[in-house]
Each structure stands twice: as C-alpha cells, then as structure tokens.
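Peer 1: Data: entry-v8.cif, mmCIF, C-alpha atoms and all ligand atoms.
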data_data
loop_
_atom_site.label_atom_id
_atom_site.label_comp_id
_atom_site.auth_asym_id
_atom_site.auth_seq_id
_atom_site.Cartn_x
_atom_site.Cartn_y
_atom_site.Cartn_z
CA MET O 1170 153.02 133.93 8.47
CA SER O 1171 149.72 135.78 8.13
CA GLY O 1172 146.69 134.60 10.08
CA THR O 1173 145.33 133.05 6.89
CA GLU O 1174 148.58 131.18 6.20
CA THR O 1175 148.61 129.88 9.78
CA LEU O 1176 145.05 128.60 9.34
CA LEU O 1177 145.95 126.83 6.09
CA ALA O 1178 149.05 125.29 7.65
CA GLU O 1179 146.98 123.94 10.53
CA LEU O 1180 144.37 122.62 8.08
CA ALA O 1181 147.11 120.81 6.09
CA ARG O 1182 148.56 119.35 9.30
CA LEU O 1183 145.16 117.95 10.31
CA ALA O 1184 144.38 116.66 6.80
CA ASN O 1185 147.76 114.95 6.44
CA GLY O 1186 147.54 113.26 9.83
CA PRO O 1187 145.24 110.32 10.62
CA LEU O 1188 141.59 110.72 11.56
CA THR O 1189 142.37 109.16 14.94
CA ALA O 1190 144.59 112.14 15.80
CA ALA O 1191 142.42 114.82 14.15
CA THR O 1192 140.44 117.59 15.78
CA ALA O 1193 137.77 119.78 14.26
CA MET O 1194 139.11 122.49 11.95
CA PRO O 1195 140.53 125.69 13.44
CA PRO O 1196 137.60 128.04 14.09
CA GLY O 1197 139.14 130.88 12.09
CA LEU O 1198 138.61 128.88 8.89
CA TYR O 1199 134.90 129.58 9.21
CA HIS O 1200 135.31 133.33 9.73
CA ASP O 1201 138.41 134.58 7.93
CA PRO O 1202 137.51 136.85 4.93
CA GLU O 1203 140.69 135.87 3.07
CA ILE O 1204 139.80 132.18 3.38
CA PHE O 1205 136.33 133.01 2.06
CA ALA O 1206 137.81 134.86 -0.95
CA ARG O 1207 140.02 131.86 -1.70
CA GLU O 1208 137.07 129.48 -1.47
CA ARG O 1209 135.18 131.53 -4.06
CA ASP O 1210 138.15 131.66 -6.44
CA LYS O 1211 139.59 128.20 -5.98
CA LEU O 1212 136.67 125.96 -5.04
CA PHE O 1213 133.45 127.50 -6.37
CA ALA O 1214 134.83 129.14 -9.54
CA ARG O 1215 136.61 125.87 -10.42
CA GLY O 1216 134.38 123.11 -9.07
CA TRP O 1217 131.27 121.33 -10.31
CA LEU O 1218 128.07 122.67 -8.72
CA CYS O 1219 124.61 121.13 -8.88
CA PRO O 1220 121.55 123.26 -9.70
CA GLY O 1221 119.19 120.27 -9.35
CA LEU O 1222 117.88 117.13 -10.99
CA ALA O 1223 117.45 116.85 -14.75
CA ALA O 1224 113.93 115.56 -14.04
CA GLU O 1225 113.07 118.96 -12.55
CA ILE O 1226 113.16 120.32 -16.12
CA PRO O 1227 111.66 117.40 -18.06
CA LYS O 1228 110.20 119.19 -21.13
CA PRO O 1229 111.87 121.30 -23.84
CA GLY O 1230 111.88 124.92 -22.71
CA ASP O 1231 111.88 124.08 -18.97
CA TYR O 1232 114.57 126.04 -17.15
CA LEU O 1233 115.87 126.80 -13.70
CA SER O 1234 118.21 129.54 -12.58
CA PHE O 1235 121.17 129.35 -10.27
CA SER O 1236 124.32 131.32 -9.59
CA ILE O 1237 127.97 130.61 -8.90
CA ASN O 1238 129.75 133.39 -7.03
CA ASP O 1239 128.62 136.55 -8.87
CA GLN O 1240 127.66 134.75 -12.05
CA PRO O 1241 123.92 134.22 -12.52
CA LEU O 1242 123.19 131.38 -14.91
CA PHE O 1243 120.37 129.15 -15.98
CA VAL O 1244 120.04 125.63 -17.27
CA ILE O 1245 117.44 124.95 -19.92
CA ARG O 1246 116.28 121.88 -21.79
CA GLY O 1247 116.57 122.56 -25.50
CA GLU O 1248 115.92 120.28 -28.45
CA GLY O 1249 119.32 118.64 -27.99
CA GLY O 1250 119.27 118.24 -24.21
CA ILE O 1251 120.14 120.38 -21.21
CA ARG O 1252 122.59 123.25 -21.59
CA ALA O 1253 123.74 126.03 -19.25
CA PHE O 1254 124.02 129.71 -20.17
CA ALA O 1255 124.98 132.97 -18.51
CA ASN O 1256 121.75 134.54 -17.29
CA VAL O 1257 122.74 137.89 -18.77
CA CYS O 1258 121.24 139.58 -21.81
CA LEU O 1259 123.57 140.47 -24.68
CA HIS O 1260 122.12 143.99 -24.92
CA ARG O 1261 122.46 146.04 -21.72
CA MET O 1262 123.18 142.96 -19.59
CA MET O 1263 119.86 142.52 -17.81
CA ARG O 1264 119.26 139.25 -15.97
CA LEU O 1265 117.10 137.21 -18.35
CA VAL O 1266 115.12 134.69 -16.28
CA GLU O 1267 114.24 134.32 -12.62
CA GLY O 1268 113.54 131.21 -10.58
CA ARG O 1269 112.06 128.32 -12.52
CA GLY O 1270 109.70 128.12 -15.44
CA SER O 1271 109.08 127.06 -18.98
CA CYS O 1272 109.24 129.01 -22.22
CA SER O 1273 109.50 128.38 -25.93
CA ARG O 1274 111.70 131.49 -26.32
CA ILE O 1275 113.71 133.48 -23.78
CA VAL O 1276 112.51 137.06 -23.93
CA CYS O 1277 114.52 139.68 -22.07
CA PRO O 1278 112.21 141.60 -19.72
CA TYR O 1279 113.95 144.91 -20.55
CA HIS O 1280 113.76 145.47 -24.37
CA ALA O 1281 112.59 142.02 -25.48
CA TRP O 1282 115.66 140.72 -27.23
CA THR O 1283 114.57 137.16 -27.88
CA TYR O 1284 116.65 133.97 -27.76
CA ASP O 1285 115.89 130.37 -28.61
CA THR O 1286 116.41 127.60 -26.06
CA ASP O 1287 119.89 126.99 -27.47
CA GLY O 1288 120.94 130.54 -26.56
CA GLN O 1289 120.85 131.92 -30.11
CA LEU O 1290 119.57 135.49 -30.48
CA LEU O 1291 116.56 135.35 -32.82
CA ALA O 1292 115.21 138.87 -32.84
CA ALA O 1293 115.93 142.35 -31.51
CA ALA O 1294 113.44 145.15 -32.13
CA HIS O 1295 114.46 148.59 -33.43
CA MET O 1296 117.98 147.52 -34.33
CA LYS O 1297 117.63 148.02 -38.11
CA ARG O 1298 119.32 151.44 -37.97
CA THR O 1299 122.29 149.99 -36.07
CA PRO O 1300 124.78 149.36 -38.88
CA GLY O 1301 126.33 145.90 -39.05
CA PHE O 1302 124.13 144.43 -36.34
CA ASP O 1303 123.21 140.84 -37.16
CA PRO O 1304 121.26 138.79 -34.57
CA ARG O 1305 122.79 135.59 -35.96
CA GLU O 1306 126.18 136.68 -34.62
CA HIS O 1307 124.93 136.81 -31.03
CA HIS O 1308 124.81 133.79 -28.78
CA LEU O 1309 124.50 133.64 -24.99
CA ALA O 1310 127.71 132.72 -23.19
CA GLU O 1311 127.62 128.99 -22.52
CA ILE O 1312 128.85 127.28 -19.39
CA ARG O 1313 129.98 123.66 -19.16
CA CYS O 1314 127.22 121.33 -18.10
CA GLU O 1315 127.25 117.56 -17.53
CA ILE O 1316 124.37 115.27 -16.67
CA TRP O 1317 125.42 112.43 -14.38
CA GLN O 1318 123.03 109.75 -13.08
CA GLY O 1319 120.14 112.19 -13.35
CA TRP O 1320 121.93 115.19 -11.82
CA ILE O 1321 122.74 118.45 -13.57
CA TYR O 1322 126.23 119.77 -12.83
CA VAL O 1323 127.78 123.01 -14.09
CA THR O 1324 131.20 124.60 -13.78
CA LEU O 1325 132.62 128.00 -14.67
CA ASP O 1326 136.03 126.45 -15.28
CA PRO O 1327 136.69 125.53 -18.92
CA ALA O 1328 139.68 123.45 -17.76
CA ALA O 1329 137.97 121.50 -14.97
CA GLU O 1330 138.37 117.75 -15.09
CA SER O 1331 135.33 116.00 -16.53
CA LEU O 1332 132.75 115.32 -13.85
CA SER O 1333 132.01 111.82 -15.12
CA ARG O 1334 135.69 110.98 -14.63
CA LEU O 1335 135.74 112.48 -11.14
CA LEU O 1336 132.65 110.54 -10.12
CA ALA O 1337 133.43 107.28 -11.93
CA PRO O 1338 134.27 105.40 -8.69
CA LEU O 1339 130.82 106.31 -7.33
CA GLU O 1340 128.89 104.99 -10.29
CA ALA O 1341 128.67 101.29 -9.37
CA MET O 1342 127.42 102.14 -5.91
CA VAL O 1343 124.55 104.40 -6.95
CA ALA O 1344 123.63 102.79 -10.30
CA PRO O 1345 121.39 100.00 -8.84
CA TYR O 1346 119.07 102.65 -7.36
CA ASP O 1347 118.51 104.22 -10.81
CA MET O 1348 118.05 107.66 -9.27
CA ALA O 1349 117.68 109.23 -12.73
CA GLY O 1350 114.21 107.65 -12.69
CA TYR O 1351 113.18 109.24 -9.36
CA LEU O 1352 110.39 111.79 -9.61
CA PRO O 1353 110.97 115.27 -8.13
CA ILE O 1354 108.40 116.40 -5.57
CA ALA O 1355 109.88 119.59 -4.09
CA GLU O 1356 112.56 122.23 -4.46
CA HIS O 1357 113.10 125.13 -2.06
CA ASP O 1358 115.73 127.87 -1.77
CA HIS O 1359 116.76 129.34 1.58
CA VAL O 1360 119.53 131.49 3.08
CA TRP O 1361 120.90 130.28 6.41
CA ASN O 1362 123.12 132.31 8.71
CA THR O 1363 126.19 130.15 8.88
CA ASN O 1364 129.41 129.44 7.08
CA TRP O 1365 128.81 126.99 4.23
CA LYS O 1366 131.44 124.53 5.53
CA LEU O 1367 129.61 124.07 8.82
CA LEU O 1368 126.54 122.90 6.93
CA THR O 1369 128.61 120.64 4.67
CA GLU O 1370 130.26 119.02 7.68
CA ASN O 1371 126.95 118.66 9.43
CA PHE O 1372 125.60 116.73 6.47
CA MET O 1373 128.68 114.49 6.38
CA GLU O 1374 128.30 112.91 9.80
CA GLY O 1375 125.55 110.78 11.32
CA TYR O 1376 126.95 111.29 14.82
CA HIS O 1377 124.43 114.07 15.50
CA LEU O 1378 121.39 112.22 14.12
CA PRO O 1379 120.23 110.48 17.33
CA VAL O 1380 120.62 113.77 19.22
CA THR O 1381 119.72 116.72 16.98
CA HIS O 1382 117.12 114.67 15.10
CA ARG O 1383 115.76 112.56 17.94
CA LYS O 1384 112.24 113.70 17.06
CA THR O 1385 112.58 112.84 13.34
CA VAL O 1386 115.16 110.62 11.58
CA GLY O 1387 117.34 110.02 14.66
CA ALA O 1388 115.31 107.10 15.95
CA TRP O 1389 115.83 105.06 12.76
CA PHE O 1390 119.57 105.33 12.62
CA PRO O 1391 121.75 102.48 13.95
CA ALA O 1392 125.07 104.38 14.13
CA GLU O 1393 127.14 101.18 14.26
CA ASP O 1394 125.88 100.22 10.76
CA THR O 1395 127.60 103.25 9.21
CA VAL O 1396 130.09 102.21 6.53
CA PHE O 1397 132.68 104.36 4.82
CA PRO O 1398 133.27 102.60 1.49
CA ALA O 1399 136.71 102.61 -0.09
CA GLU O 1400 135.35 104.27 -3.24
CA THR O 1401 136.48 107.87 -2.91
CA SER O 1402 138.24 110.24 -5.27
CA PRO O 1403 139.44 113.85 -5.06
CA GLY O 1404 135.93 114.75 -6.22
CA PHE O 1405 133.74 113.21 -3.53
CA THR O 1406 133.41 111.24 -0.33
CA LEU O 1407 130.55 109.12 0.98
CA GLN O 1408 129.10 106.85 3.60
CA THR O 1409 126.29 104.35 3.66
CA PHE O 1410 123.88 103.73 6.49
CA THR O 1411 120.86 101.53 7.09
CA LYS O 1412 117.33 102.27 8.16
CA SER O 1413 115.93 100.07 10.89
CA GLU O 1414 112.72 98.09 10.49
CA GLY O 1415 109.73 100.24 11.21
CA ALA O 1416 111.30 103.38 9.72
CA THR O 1417 108.59 105.40 7.99
CA TYR O 1418 110.92 106.30 5.12
CA GLY O 1419 114.15 104.81 3.81
CA ARG O 1420 113.30 101.18 2.91
CA ALA O 1421 112.54 99.72 -0.53
CA HIS O 1422 108.93 99.47 -1.64
CA PRO O 1423 107.83 95.82 -2.24
CA ALA O 1424 107.46 96.65 -5.94
CA ASN O 1425 111.09 97.75 -6.17
CA THR O 1426 112.84 95.04 -8.22
CA ARG O 1427 116.12 96.94 -8.65
CA LEU O 1428 117.61 96.48 -5.18
CA GLU O 1429 118.56 93.24 -3.46
CA GLY O 1430 119.46 92.09 0.05
CA ALA O 1431 120.83 94.76 2.38
CA GLN O 1432 120.60 97.36 -0.41
CA ARG O 1433 116.84 97.38 0.21
CA TYR O 1434 117.30 99.24 3.48
CA THR O 1435 120.64 100.95 2.80
CA SER O 1436 121.03 104.61 1.87
CA VAL O 1437 124.04 105.99 0.04
CA MET O 1438 125.09 109.45 1.11
CA PRO O 1439 127.66 111.10 -1.15
CA THR O 1440 129.12 114.58 -0.86
CA VAL O 1441 130.33 115.82 -4.24
CA PHE O 1442 132.84 118.55 -3.48
CA PRO O 1443 132.51 121.34 -2.85
CA SER O 1444 128.87 121.43 -1.90
CA HIS O 1445 126.42 118.95 -3.40
CA MET O 1446 125.17 116.30 -1.00
CA TYR O 1447 122.36 113.85 -1.09
CA VAL O 1448 120.77 110.93 0.64
CA LEU O 1449 119.90 108.30 -1.92
CA ALA O 1450 117.45 105.96 -0.20
CA PRO O 1451 115.68 102.96 -1.77
CA ASP O 1452 112.36 104.83 -1.73
CA HIS O 1453 113.31 108.52 -1.92
CA LEU O 1454 116.08 110.99 -2.52
CA TRP O 1455 116.79 114.33 -0.94
CA TYR O 1456 119.58 116.74 -1.58
CA LEU O 1457 121.25 119.95 -0.57
CA SER O 1458 123.25 122.14 -2.89
CA LEU O 1459 125.10 125.00 -1.19
CA ARG O 1460 126.63 128.20 -2.42
CA PRO O 1461 128.21 130.66 -0.03
CA LYS O 1462 126.66 134.12 -0.03
CA SER O 1463 129.08 135.67 2.45
CA VAL O 1464 131.38 134.38 5.19
CA GLY O 1465 128.37 133.91 7.47
CA GLU O 1466 125.54 133.26 4.99
CA VAL O 1467 124.86 130.32 2.71
CA HIS O 1468 122.34 129.78 -0.08
CA VAL O 1469 120.74 126.38 0.48
CA ARG O 1470 118.89 124.65 -2.34
CA PHE O 1471 116.92 121.73 -1.01
CA GLY O 1472 115.12 119.17 -3.15
CA ALA O 1473 113.41 115.82 -2.82
CA ALA O 1474 112.26 113.05 -5.18
CA LEU O 1475 110.44 109.72 -4.91
CA ALA O 1476 111.27 106.33 -6.38
CA PRO O 1477 108.81 105.70 -9.25
CA GLU O 1478 107.20 102.59 -7.69
CA VAL O 1479 106.52 104.57 -4.52
CA MET O 1480 104.82 107.31 -6.51
CA ALA O 1481 102.84 104.74 -8.53
CA SER O 1482 101.54 103.09 -5.35
CA LEU O 1483 100.08 106.23 -3.83
CA ASN O 1484 96.34 106.69 -3.62
CA ASP O 1485 96.79 110.29 -2.57
CA PRO O 1486 100.16 111.48 -3.86
CA GLU O 1487 99.54 115.06 -2.80
CA SER O 1488 99.05 114.35 0.86
CA PHE O 1489 101.90 111.80 0.90
CA THR O 1490 104.36 114.21 -0.66
CA ALA O 1491 103.14 117.06 1.57
CA ASP O 1492 103.80 114.83 4.61
CA LEU O 1493 107.24 113.81 3.34
CA VAL O 1494 108.27 117.35 2.46
CA GLY O 1495 106.92 118.56 5.83
CA PHE O 1496 109.03 115.88 7.49
CA PHE O 1497 112.16 117.06 5.66
CA ASP O 1498 111.33 120.66 6.56
CA ARG O 1499 111.38 119.61 10.22
CA VAL O 1500 114.72 117.81 9.75
CA ASN O 1501 116.13 120.90 8.02
CA ALA O 1502 114.86 123.16 10.81
CA GLU O 1503 116.64 120.93 13.35
CA ASP O 1504 119.85 121.23 11.34
CA ARG O 1505 119.47 124.97 10.96
CA VAL O 1506 119.54 125.41 14.73
CA VAL O 1507 122.81 123.54 15.07
CA VAL O 1508 124.66 124.96 12.08
CA GLU O 1509 123.75 128.52 13.06
CA GLY O 1510 124.81 127.67 16.63
CA LEU O 1511 128.10 126.35 15.27
CA TYR O 1512 128.70 129.64 13.49
CA GLU O 1513 128.29 131.52 16.75
CA GLY O 1514 130.39 128.98 18.65
CA THR O 1515 133.27 128.94 16.17
CA GLY O 1516 133.36 132.74 16.26
CA ALA O 1517 133.80 132.82 20.03
CA PRO O 1518 137.11 133.93 21.59
CA LEU O 1519 137.23 130.77 23.72
CA ALA O 1520 136.43 128.36 20.86
CA LYS O 1521 138.80 125.39 20.80
CA PRO O 1522 138.52 122.46 18.34
CA GLY O 1523 137.92 119.05 19.92
CA ARG O 1524 138.83 115.48 18.85
CA LEU O 1525 136.77 113.66 16.23
CA SER O 1526 134.86 110.36 16.33
CA TRP O 1527 135.23 107.55 13.76
CA LEU O 1528 131.73 108.61 12.60
CA GLU O 1529 133.23 111.91 11.42
CA ARG O 1530 135.51 110.36 8.82
CA GLU O 1531 134.05 112.41 5.99
CA ILE O 1532 134.93 115.62 7.83
CA HIS O 1533 138.53 114.47 7.70
CA ASP O 1534 138.13 113.74 3.96
CA PHE O 1535 136.69 117.24 3.55
CA MET O 1536 139.76 118.72 5.27
CA GLY O 1537 141.90 116.96 2.67
CA TYR O 1538 139.80 118.40 -0.14
CA LEU O 1539 139.99 121.91 1.35
CA ALA O 1540 143.72 121.71 2.04
CA ARG O 1541 144.42 120.66 -1.57
CA GLY O 1542 141.98 123.09 -3.13
CA LEU O 1543 142.82 126.19 -1.11
CA SER O 1544 146.56 125.90 -1.48
CA SER O 1545 146.68 125.25 -5.25
S1 LIG W 1601 118.98 144.41 -21.71
FE1 LIG W 1601 118.00 142.73 -22.59
S2 LIG W 1601 116.89 143.55 -24.25
FE2 LIG W 1601 117.91 145.26 -23.39
FE FE W 1602 121.28 116.78 10.46
#
Now that the file is in, can you turn its structure into structure tokens?
Peer 2:
Amino acid sequence: MSGTETLLAELARLANGPLTAATAMPPGLYHDPEIFARERDKLFARGWLCPGLAAEIPKPGDYLSFSINDQPLFVIRGEGGIRAFANVCLHRMMRLVEGRGSCSRIVCPYHAWTYDTDGQLLAAAHMKRTPGFDPREHHLAEIRCEIWQGWIYVTLDPAAESLSRLLAPLEAMVAPYDMAGYLPIAEHDHVWNTNWKLLTENFMEGYHLPVTHRKTVGAWFPAEDTVFPAETSPGFTLQTFTKSEGATYGRAHPANTRLEGAQRYTSVMPTVFPSHMYVLAPDHLWYLSLRPKSVGEVHVRFGAALAPEVMASLNDPESFTADLVGFFDRVNAEDRVVVEGLYEGTGAPLAKPGRLSWLEREIHDFMGYLARGLSS
C-alpha cells in the first residue's frame, strides 16, 4: 500500500469505529499532496460551496466573486434571481469581475465585451468583420446555484445531489431563527497558513473555547450544555450550545418574537460539508467558508450578520457593528494561532494522534464524510 492508501485505510478504520475509541486523524492526512489532490477532485469539485449570504447582494446587478479550485466564478442577482457564472470572458478568457460590486452590465476590462446580468453577451466592438459572429450565440458558462435559508451555494458538479435535499433534515432546526432575514454587516477574505481540515475541525468543537478563547467567547460557554442533535445527513453535521446569562452576544433581543423558551439563548452551529460553517445565534450570525489554496494554505471567507430587531434597536449601528466585528476579529485571531500551530504540530516527526472527547463528536462525523468522499 502507498503512504496515501495507508492514510485512507486508517481514516476509514477511525470513521467506522465508535467515537469513544477514536483518536485524532493521522497527521499525514494534513500534509500529503496526493490527499490534497483527491480533496480538490472529489470534495471541492463535487460539493456545494458557499460564497456568502443572498442578502450580501440584495439589488439587481449586485455580484460577488469566488473560486472553486482553479475555477473563478461570480454570483450575480439578475432580474430572475441569483445565478452563478464562470468568471471568464468568452473572448480571450480574461477574468471579468473582481471582489464585490454592482453593475447594470458586465463589461470585460480587456476589450469591453459586454454581458447582461443573465450572462448573455450583448455587444462586442470591432467584430463586424468577423464572419458569422453573432453575440446572441454567446452566453457565459453557468454553474449550479441554490439559495437555501438565505445562503448562496454553488457547485461545479452537474450531477451533485440537490442541496435542498441534502440539507432537508436541518431545515426545521434553523427555520425558527429566520436567518434569511438577518442583515449582513461584514465580509472579509483572508489566507491562513494551515491545512483547511484543521480549521474545519477547530470550528466543529467547543472543547477549545474556554481555553483558546478565554478572553472572548470562552467565558460564556457552558460546555456541558452542548447537544449533538440526531438530525445529520451525509451533507452536514451540527451541534447546539447555549449562551449563559450576561453574555454580551448570543441571546435573543426582547423584540424577537420568533424564538421561544431555550431557543432564545441557544445557538445552532452547522457544518455543511466540505467547508461552510456558521454560528446561528438568536441575535447574530457569523460564518466561515473555506477553500484550500494549497496543502498548507486556506482561503477563509468570514462574514457576519445581525438579526433585524437587533439592527432596528440600535441608536448607533456603526459603532455597534464595528464593536461586534472587532470582537469576531479577535476570536478569529485566537483561532488562527491554534490552527497554524496545529499545522506545524501535525507536520512534526514525533506527532502522534491522541484520543478524542465527547465534545469532539463532529470531528468523528467529519472523518466519516472524508472517508466516504475520498474513497469514492
Ligand atoms: S478578453 Fe474579454 S473582451 Fe477580450
Ligand atoms: Fe475557536
């Protein structure tokens, strides 16, 4: 067996055994180039990835760009809703848009071929002497896109199972929060020096919160209140946790009439495989969407949104959102230290995986997802 096959066999053994017997994944899984190539082909080229919230592009012509593996793409709100297109011009293949913005037409920055927001080529200058060239026959390559509970998801795989079917068991749990009505307040893109799976796993366990985040969210987290609901599917896993009284963020605003009882201080924390994760709290939402850049580098898209009654109650929304985003920046900086430290640790000759806690159940679920996805 090759080194890669040995790693996958060990992963399958851990995933197929119980959590109570499991250890962390073999360290080579975070560093092996062949594993990385398989992840690109089998997980990221086939899975559903999240560029952001639909509310980040609320008006016709609003767009945001993203990429999956080597495929740049953008999502844009047209007259008929949000669609996703290859971010590649149909002339000499220039990238069309960068970052985020709004436009009534998409104009290529190279020779100004011009497209409407539904990807149709409208005009191309100096093409009259090119026999048989008809702009109406040119349309940007379209990528599958589904909107689910306010999220935009895209996939490069024409045969992928419908996202709404994959996430159906999650719907009843998140629906009472009505996150599609949350109002975006920030989006940032970063590159961190770690393997993407180390950041995914870090998000999936609250075990580190009282330690790594003792200066921020850690103090509000009663670990024993963590619940791993039965609602899982091959497409996601999740946990719920509560925020103690006195927490600055994470409890329902008095004007919130959607949530009742314990829901008012409970957050739902799904991970939609491979790499979209969010904390849906009664008063706010924050998310991470990851795409690997290399074995040891990951693109991190971070975003945050506020429940509408929270936004409506603010006398000074700018300073409130600046404080909240600053708070999340500190939490993210705390996580960055550990996930980059994990990359160094897992690459060490003396690295040896240790046993897991009950609080790390989602890491075991993730092993199952990886074992299925990487072997198929
Ligand atoms: S490459 Fe886009 S107009 Fe030429
Ligand atoms: Fe963390």
Peer 1: Between O:Thr1515, O:Asn1484, O:Thr1411, O:Ser1463, which one has atoms that come closest to Val1448 in chain O, using only C-alpha atoms?
Peer 2: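 Looking only at the distances to Val1448 in chain O, the closest residue turns out to be O:Thr1411.
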Peer 1: Write out as number ranges by chain each polymer residue whose atoms come within 10 Å of range 1354-1363 of chain O, counting only C-alpha atoms; drop sequence neighbours fewer than 5 positions from it.
Peer 2: O: 1199-1200, 1221-1222, 1225, 1268, 1368, 1453-1475, 1480, 1486-1487, 1490-1491, 1493-1494, 1498, 1505-1513
Peer 1: Got a sec to check which residues lie within 6 Å of ligand FE 1602 (chain W), using all atoms listed in the file, and send them as a list of chain:residue names?
Peer 2: O:Phe1372, O:Leu1378, O:Asp1504
Peer 1: Write out, as JSON lines, each residue of chain O that has an atom at most 12 Å from ligand LIG 1601 (chain W), together with the closest pair of atoms and their distance in Å to one decimal, counting all atoms listed in the file, rows going by chain and rising number.
Peer 2:
{"residue": "O:Asn1256", "atom": "CA", "partner": "W:LIG1601", "partner_atom": "FE1", "distance": 10.5}
{"residue": "O:Val1257", "atom": "CA", "partner": "W:LIG1601", "partner_atom": "FE1", "distance": 7.8}
{"residue": "O:Cys1258", "atom": "CA", "partner": "W:LIG1601", "partner_atom": "FE1", "distance": 4.6}
{"residue": "O:Leu1259", "atom": "CA", "partner": "W:LIG1601", "partner_atom": "FE1", "distance": 6.4}
{"residue": "O:His1260", "atom": "CA", "partner": "W:LIG1601", "partner_atom": "S1", "distance": 4.5}
{"residue": "O:Arg1261", "atom": "CA", "partner": "W:LIG1601", "partner_atom": "S1", "distance": 3.8}
{"residue": "O:Met1262", "atom": "CA", "partner": "W:LIG1601", "partner_atom": "S1", "distance": 4.9}
{"residue": "O:Met1263", "atom": "CA", "partner": "W:LIG1601", "partner_atom": "S1", "distance": 4.4}
{"residue": "O:Arg1264", "atom": "CA", "partner": "W:LIG1601", "partner_atom": "FE1", "distance": 7.6}
{"residue": "O:Leu1265", "atom": "CA", "partner": "W:LIG1601", "partner_atom": "FE1", "distance": 7.0}
{"residue": "O:Val1266", "atom": "CA", "partner": "W:LIG1601", "partner_atom": "FE1", "distance": 10.6}
{"residue": "O:Ile1275", "atom": "CA", "partner": "W:LIG1601", "partner_atom": "FE1", "distance": 10.3}
{"residue": "O:Val1276", "atom": "CA", "partner": "W:LIG1601", "partner_atom": "S2", "distance": 7.8}
{"residue": "O:Cys1277", "atom": "CA", "partner": "W:LIG1601", "partner_atom": "FE1", "distance": 4.7}
{"residue": "O:Pro1278", "atom": "CA", "partner": "W:LIG1601", "partner_atom": "FE1", "distance": 6.6}
{"residue": "O:Tyr1279", "atom": "CA", "partner": "W:LIG1601", "partner_atom": "FE2", "distance": 4.9}
{"residue": "O:His1280", "atom": "CA", "partner": "W:LIG1601", "partner_atom": "S2", "distance": 3.7}
{"residue": "O:Ala1281", "atom": "CA", "partner": "W:LIG1601", "partner_atom": "S2", "distance": 4.7}
{"residue": "O:Trp1282", "atom": "CA", "partner": "W:LIG1601", "partner_atom": "S2", "distance": 4.3}
{"residue": "O:Thr1283", "atom": "CA", "partner": "W:LIG1601", "partner_atom": "S2", "distance": 7.7}
{"residue": "O:Tyr1284", "atom": "CA", "partner": "W:LIG1601", "partner_atom": "S2", "distance": 10.2}
{"residue": "O:Leu1290", "atom": "CA", "partner": "W:LIG1601", "partner_atom": "S2", "distance": 10.5}
{"residue": "O:Leu1291", "atom": "CA", "partner": "W:LIG1601", "partner_atom": "S2", "distance": 11.9}
{"residue": "O:Ala1292", "atom": "CA", "partner": "W:LIG1601", "partner_atom": "S2", "distance": 9.9}
{"residue": "O:Ala1293", "atom": "CA", "partner": "W:LIG1601", "partner_atom": "S2", "distance": 7.4}
{"residue": "O:Ala1294", "atom": "CA", "partner": "W:LIG1601", "partner_atom": "S2", "distance": 8.7}
{"residue": "O:His1295", "atom": "CA", "partner": "W:LIG1601", "partner_atom": "S2", "distance": 10.8}
{"residue": "O:Met1296", "atom": "CA", "partner": "W:LIG1601", "partner_atom": "S2", "distance": 10.9}
{"residue": "O:Leu1309", "atom": "CA", "partner": "W:LIG1601", "partner_atom": "FE1", "distance": 11.4}
Peer 1: Quick one: of O:Tyr1376, O:Phe1405, O:Trp1365, O:Phe1397, who's nearest to Leu1339 in chain O, counting all atoms listed in the file?
Peer 2: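 Going through O:Tyr1376, O:Phe1405, O:Trp1365, O:Phe1397 one by one, the smallest distance to Leu1339 in chain O is for O:Phe1405.
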Peer 1: Do you know which residues are at most 9 Å from Gly1319 in chain O counting all atoms listed in the file, after dropping those on the same chain fewer than 3 positions away, and could you put them as a PyMOL selection string?
Peer 2: chain O and resi 1222-1224+1316+1347-1351
